[in-house]
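Trainee: Sharing a structure here in structure tokens format.
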Amino acid sequence: MPVIVGGMTLVLRFGSGDAARCRFAVSPLQETMSALLVLNAPSRHAWYLPWLRGIQDVVAELDLGLLGIAVPVRGHGPDFLWPSPTGPLTTIEDDLARVQATDPDVVATELTEHARRLDPRSVPAHLYSALTGDPVEARDKLVARQREAWRILIAPLWDRIRGLLDADITTRARQLADGGLEGLFANLHRRAKWESDSLHLTGLRRGSLDLRGRGLILVPTAFGWPNLGLGPTSDTSAAPPALVYPMLGAARLWDPPAGSPAIARLLGAGRAAVLAQTLIPSTTSSLARRVDLAPATVSQHLTVLRDAGLVTAERRGREVFYQQTPLAAALTSGTHLSSPPADPR
């Protein structure tokens, strides 16, 4: 499980080749597990109240069983349940296959360590026994529950989430191309600071971590706001660390797709929905996922919006990215900005 920020500083030291090995990735399972953290402690996650209200009826179907006690309210949990994603096209089945392939010895070790952190009196006896029993059986049950949690909690939202994740990666990749690592980390998170060829992460364990040519995986998340997470944090791990950070446009996830009612009356609901989502540079396919319209329909709306001076189109390689113009930003100024409110803590 990624380490969540607290009150110290961890320094990631970049060496030769590490910058070239920085890459972006997404993880449907990361979103699922983070959503379970929100579900387990709703009072600590007021930002997600619109989502919590919306799932009240369906969450009754969700029987977490063993997974419910394997996901901590705070602190650390079994790492194998949070595999680091490998790329931007990762699917839920890719993630679950990695959990399913975990060595039983690793499962046994991590679940036993997790069980030691629990109060046995607060856990049903049969679940506590399952946690420390046959690791293959426990692993299989946990994967089944993860798949069910994905189906109920995240899958209905995934097209919109994925569109915003894609838009974030597009924006961050451009920052990396234009300004290098310093440009990328300048506004990634207020607790991340680039200095002297190192990334300083406020709030993690005190110390330093040499990347040793492994690079860094950057993982935007919808359900991880407002924290940073990092894992694995061992110098001996062969896997590159994954830095999980809140995606741009997280506020827009809870917006009505059409944006401002006045803009919807002016432009029509479909066109207004497309315009509202172009605050972040986005492709036609990314926008289509977020507004739940056919790509051909979105393309038609974008043509009209571009002719009206409300969006610009910029080709990057094989793709074209659309973004609001200052005129459009002024018209839609009553909607949320591209980032959620500042971390209140």
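Residue numbers start at 1 in each chain; chains themselves are named A, B, ... in the order of the structure tokens; ligands are numbered from 1 in the order shown.
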Which polymer residues have any atom within 12 Å of an atom of Gln300 in chain A, counting only C-alpha atoms, with same-chain residues fewer than 5 positions away left out, as a PyMOL selection string?
Mentor: chain A and resi 270-271+274+284+288+293-295+305-307
Trainee: Save the residues we just selected, C-alpha atoms, as an mmCIF file, in the first residue's frame?
Mentor:
```
data_model
loop_
_atom_site.group_PDB
_atom_site.id
_atom_site.type_symbol
_atom_site.label_atom_id
_atom_site.label_comp_id
_atom_site.auth_asym_id
_atom_site.auth_seq_id
_atom_site.Cartn_x
_atom_site.Cartn_y
_atom_site.Cartn_z
ATOM 1 C CA GLY A 270 -24.085 18.357 -25.274
ATOM 2 C CA ARG A 271 -21.911 21.201 -26.538
ATOM 3 C CA VAL A 274 -17.844 19.218 -24.044
ATOM 4 C CA THR A 284 -11.784 13.720 -28.691
ATOM 5 C CA ALA A 288 -16.225 11.322 -25.257
ATOM 6 C CA LEU A 293 -21.250 10.898 -26.036
ATOM 7 C CA ALA A 294 -20.121 9.213 -29.224
ATOM 8 C CA PRO A 295 -16.686 10.406 -30.483
ATOM 9 C CA LEU A 305 -16.702 25.456 -30.510
ATOM 10 C CA ARG A 306 -13.433 26.003 -32.348
ATOM 11 C CA ASP A 307 -15.144 28.041 -35.084
#
```
Trainee: Between A:Gln146, A:Gln323, A:Thr202, A:Asn187, which is the closest to Gln277 in chain A once you count only C-alpha atoms?
Mentor: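 Between A:Gln146, A:Gln323, A:Thr202, A:Asn187, the residue approaching Gln277 in chain A most closely is A:Gln323.
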Trainee: Excluding same-chain residues fewer than 6 positions from range 111-128 of chain A, what lies within 7 Å of it counting only C-alpha atoms, as a ChimeraX atom specification?
Mentor: /A:66,77-78
Trainee: Sort by chain and increasing residue number a table of all residues of range 126-174 of chain A within 9 Å of range 10-32 of chain A, each with its closest pair of atoms and their distance in Å to one decimal, counting only C-alpha atoms, and write it as CSV.
Mentor:
```
residue,atom,partner,partner_atom,distance
A:Gln146,CA,A:Thr32,CA,7.5
A:Arg147,CA,A:Leu29,CA,8.6
A:Ala149,CA,A:Thr32,CA,6.7
A:Trp150,CA,A:Thr32,CA,5.5
A:Leu153,CA,A:Thr32,CA,7.0
A:Ile154,CA,A:Thr32,CA,6.2
A:Ala155,CA,A:Pro28,CA,8.7
A:Trp158,CA,A:Pro28,CA,8.1
A:Arg162,CA,A:Val26,CA,8.4
A:Leu165,CA,A:Val26,CA,7.3
A:Asp166,CA,A:Val26,CA,8.6
A:Ile169,CA,A:Phe24,CA,6.7
A:Arg172,CA,A:Phe24,CA,8.9
A:Ala173,CA,A:Phe24,CA,8.1
```
Trainee: Store the residues of this selection in a file with all heavy atoms, as a compact mmCIF listing (two decimals), in the first residue's frame.
Mentor:
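Final output, result.txt:
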```txt
# COMPACT_ATOMS: atom_id res chain seq x y z
N GLN A 146 -11.97 -7.85 -4.39
CA GLN A 146 -11.50 -6.67 -5.11
C GLN A 146 -12.26 -6.49 -6.43
O GLN A 146 -12.63 -5.38 -6.80
CB GLN A 146 -9.99 -6.78 -5.40
CG GLN A 146 -9.10 -6.54 -4.19
CD GLN A 146 -7.63 -6.65 -4.54
OE1 GLN A 146 -7.21 -7.58 -5.24
NE2 GLN A 146 -6.84 -5.71 -4.06
N ARG A 147 -12.48 -7.60 -7.12
CA ARG A 147 -13.23 -7.53 -8.38
C ARG A 147 -14.65 -7.03 -8.15
O ARG A 147 -15.17 -6.22 -8.92
CB ARG A 147 -13.24 -8.89 -9.07
CG ARG A 147 -14.00 -8.90 -10.38
CD ARG A 147 -13.91 -10.23 -11.10
NE ARG A 147 -12.65 -10.38 -11.81
CZ ARG A 147 -11.66 -11.16 -11.42
NH1 ARG A 147 -11.77 -11.88 -10.31
NH2 ARG A 147 -10.54 -11.24 -12.12
N ALA A 149 -15.68 -5.15 -5.57
CA ALA A 149 -15.61 -3.74 -5.19
C ALA A 149 -15.43 -2.85 -6.41
O ALA A 149 -16.03 -1.79 -6.53
CB ALA A 149 -14.48 -3.52 -4.19
N TRP A 150 -14.60 -3.29 -7.36
CA TRP A 150 -14.43 -2.55 -8.61
C TRP A 150 -15.76 -2.43 -9.35
O TRP A 150 -16.14 -1.34 -9.80
CB TRP A 150 -13.39 -3.24 -9.49
CG TRP A 150 -13.60 -3.04 -10.95
CD1 TRP A 150 -14.23 -3.86 -11.83
CD2 TRP A 150 -13.19 -1.89 -11.73
NE1 TRP A 150 -14.25 -3.32 -13.09
CE2 TRP A 150 -13.62 -2.12 -13.06
CE3 TRP A 150 -12.52 -0.71 -11.42
CZ2 TRP A 150 -13.39 -1.20 -14.08
CZ3 TRP A 150 -12.28 0.21 -12.44
CH2 TRP A 150 -12.71 -0.03 -13.74
N LEU A 153 -18.21 -0.06 -7.09
CA LEU A 153 -17.81 1.28 -6.68
C LEU A 153 -17.21 2.13 -7.81
O LEU A 153 -17.46 3.34 -7.88
CB LEU A 153 -16.78 1.19 -5.54
CG LEU A 153 -17.23 0.50 -4.26
CD1 LEU A 153 -16.08 0.45 -3.27
CD2 LEU A 153 -18.43 1.22 -3.66
N ILE A 154 -16.42 1.52 -8.68
CA ILE A 154 -15.63 2.30 -9.64
C ILE A 154 -16.09 2.13 -11.08
O ILE A 154 -16.13 3.11 -11.84
CB ILE A 154 -14.13 1.93 -9.53
CG1 ILE A 154 -13.62 2.20 -8.12
CG2 ILE A 154 -13.31 2.75 -10.53
CD1 ILE A 154 -13.72 3.64 -7.67
N ALA A 155 -16.44 0.92 -11.48
CA ALA A 155 -16.78 0.69 -12.89
C ALA A 155 -17.82 1.65 -13.44
O ALA A 155 -17.66 2.15 -14.57
CB ALA A 155 -17.23 -0.76 -13.09
N TRP A 158 -15.94 4.76 -14.26
CA TRP A 158 -14.60 4.62 -14.80
C TRP A 158 -14.37 5.42 -16.08
O TRP A 158 -13.29 5.98 -16.29
CB TRP A 158 -14.25 3.16 -15.04
CG TRP A 158 -12.84 2.97 -15.54
CD1 TRP A 158 -12.46 2.43 -16.72
CD2 TRP A 158 -11.63 3.34 -14.86
NE1 TRP A 158 -11.09 2.43 -16.83
CE2 TRP A 158 -10.56 2.98 -15.70
CE3 TRP A 158 -11.36 3.94 -13.63
CZ2 TRP A 158 -9.22 3.21 -15.35
CZ3 TRP A 158 -10.02 4.17 -13.28
CH2 TRP A 158 -8.98 3.80 -14.12
N ARG A 162 -11.34 7.79 -16.12
CA ARG A 162 -10.27 7.50 -17.07
C ARG A 162 -10.02 8.68 -18.00
O ARG A 162 -8.87 9.00 -18.33
CB ARG A 162 -10.60 6.25 -17.88
CG ARG A 162 -9.52 5.84 -18.88
CD ARG A 162 -8.19 5.64 -18.18
NE ARG A 162 -7.10 5.62 -19.12
CZ ARG A 162 -6.59 4.48 -19.62
NH1 ARG A 162 -7.10 3.31 -19.27
NH2 ARG A 162 -5.57 4.52 -20.45
N LEU A 165 -8.02 11.12 -15.99
CA LEU A 165 -6.65 10.62 -15.80
C LEU A 165 -5.84 10.81 -17.07
O LEU A 165 -4.67 11.23 -17.03
CB LEU A 165 -6.69 9.14 -15.40
CG LEU A 165 -7.28 8.80 -14.04
CD1 LEU A 165 -7.38 7.29 -13.87
CD2 LEU A 165 -6.46 9.39 -12.91
N ASP A 166 -6.44 10.50 -18.22
CA ASP A 166 -5.75 10.70 -19.49
C ASP A 166 -5.39 12.16 -19.70
O ASP A 166 -4.29 12.49 -20.18
CB ASP A 166 -6.61 10.22 -20.65
CG ASP A 166 -6.73 8.71 -20.72
OD1 ASP A 166 -5.94 8.02 -20.04
OD2 ASP A 166 -7.60 8.21 -21.46
N ILE A 169 -2.43 13.09 -17.50
CA ILE A 169 -1.17 12.57 -18.02
C ILE A 169 -0.71 13.39 -19.23
O ILE A 169 0.48 13.69 -19.38
CB ILE A 169 -1.33 11.08 -18.39
CG1 ILE A 169 -1.47 10.25 -17.12
CG2 ILE A 169 -0.15 10.59 -19.22
CD1 ILE A 169 -1.80 8.79 -17.36
N ARG A 172 0.70 16.68 -17.82
CA ARG A 172 1.96 16.48 -17.10
C ARG A 172 3.09 16.09 -18.06
O ARG A 172 4.23 16.51 -17.90
CB ARG A 172 1.80 15.39 -16.05
CG ARG A 172 0.70 15.60 -15.04
CD ARG A 172 0.93 16.78 -14.14
NE ARG A 172 -0.08 16.81 -13.07
CZ ARG A 172 -0.18 17.78 -12.18
NH1 ARG A 172 0.65 18.80 -12.22
NH2 ARG A 172 -1.11 17.75 -11.23
N ALA A 173 2.76 15.27 -19.06
CA ALA A 173 3.78 14.87 -20.02
C ALA A 173 4.29 16.07 -20.81
O ALA A 173 5.49 16.17 -21.12
CB ALA A 173 3.22 13.81 -20.97
```
Trainee: Write out as an NGL selection string the set of residues from range 97-225 of chain A that DSSP, computed on the backbone, places in strand (DSSP E or B).
Mentor: :A and (192-195 or 198-202 or 207-210 or 217-221)
Trainee: List every residue of range 55-189 of chain A that DSSP, applied to the backbone, labels as helix (DSSP H, G or I), and write the result as a PyMOL selection string.
Mentor: chain A and resi 56-59+66-70+79-81+92-100+104-116+120-122+125-132+135-185
Trainee: Could you check how far CA of Arg318 in chain A sits from CA of Asp94 in chain A, in Å to one decimal?
Mentor: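 Going from CA of Arg318 in chain A over to CA of Asp94 in chain A, I get 26.2 Å.
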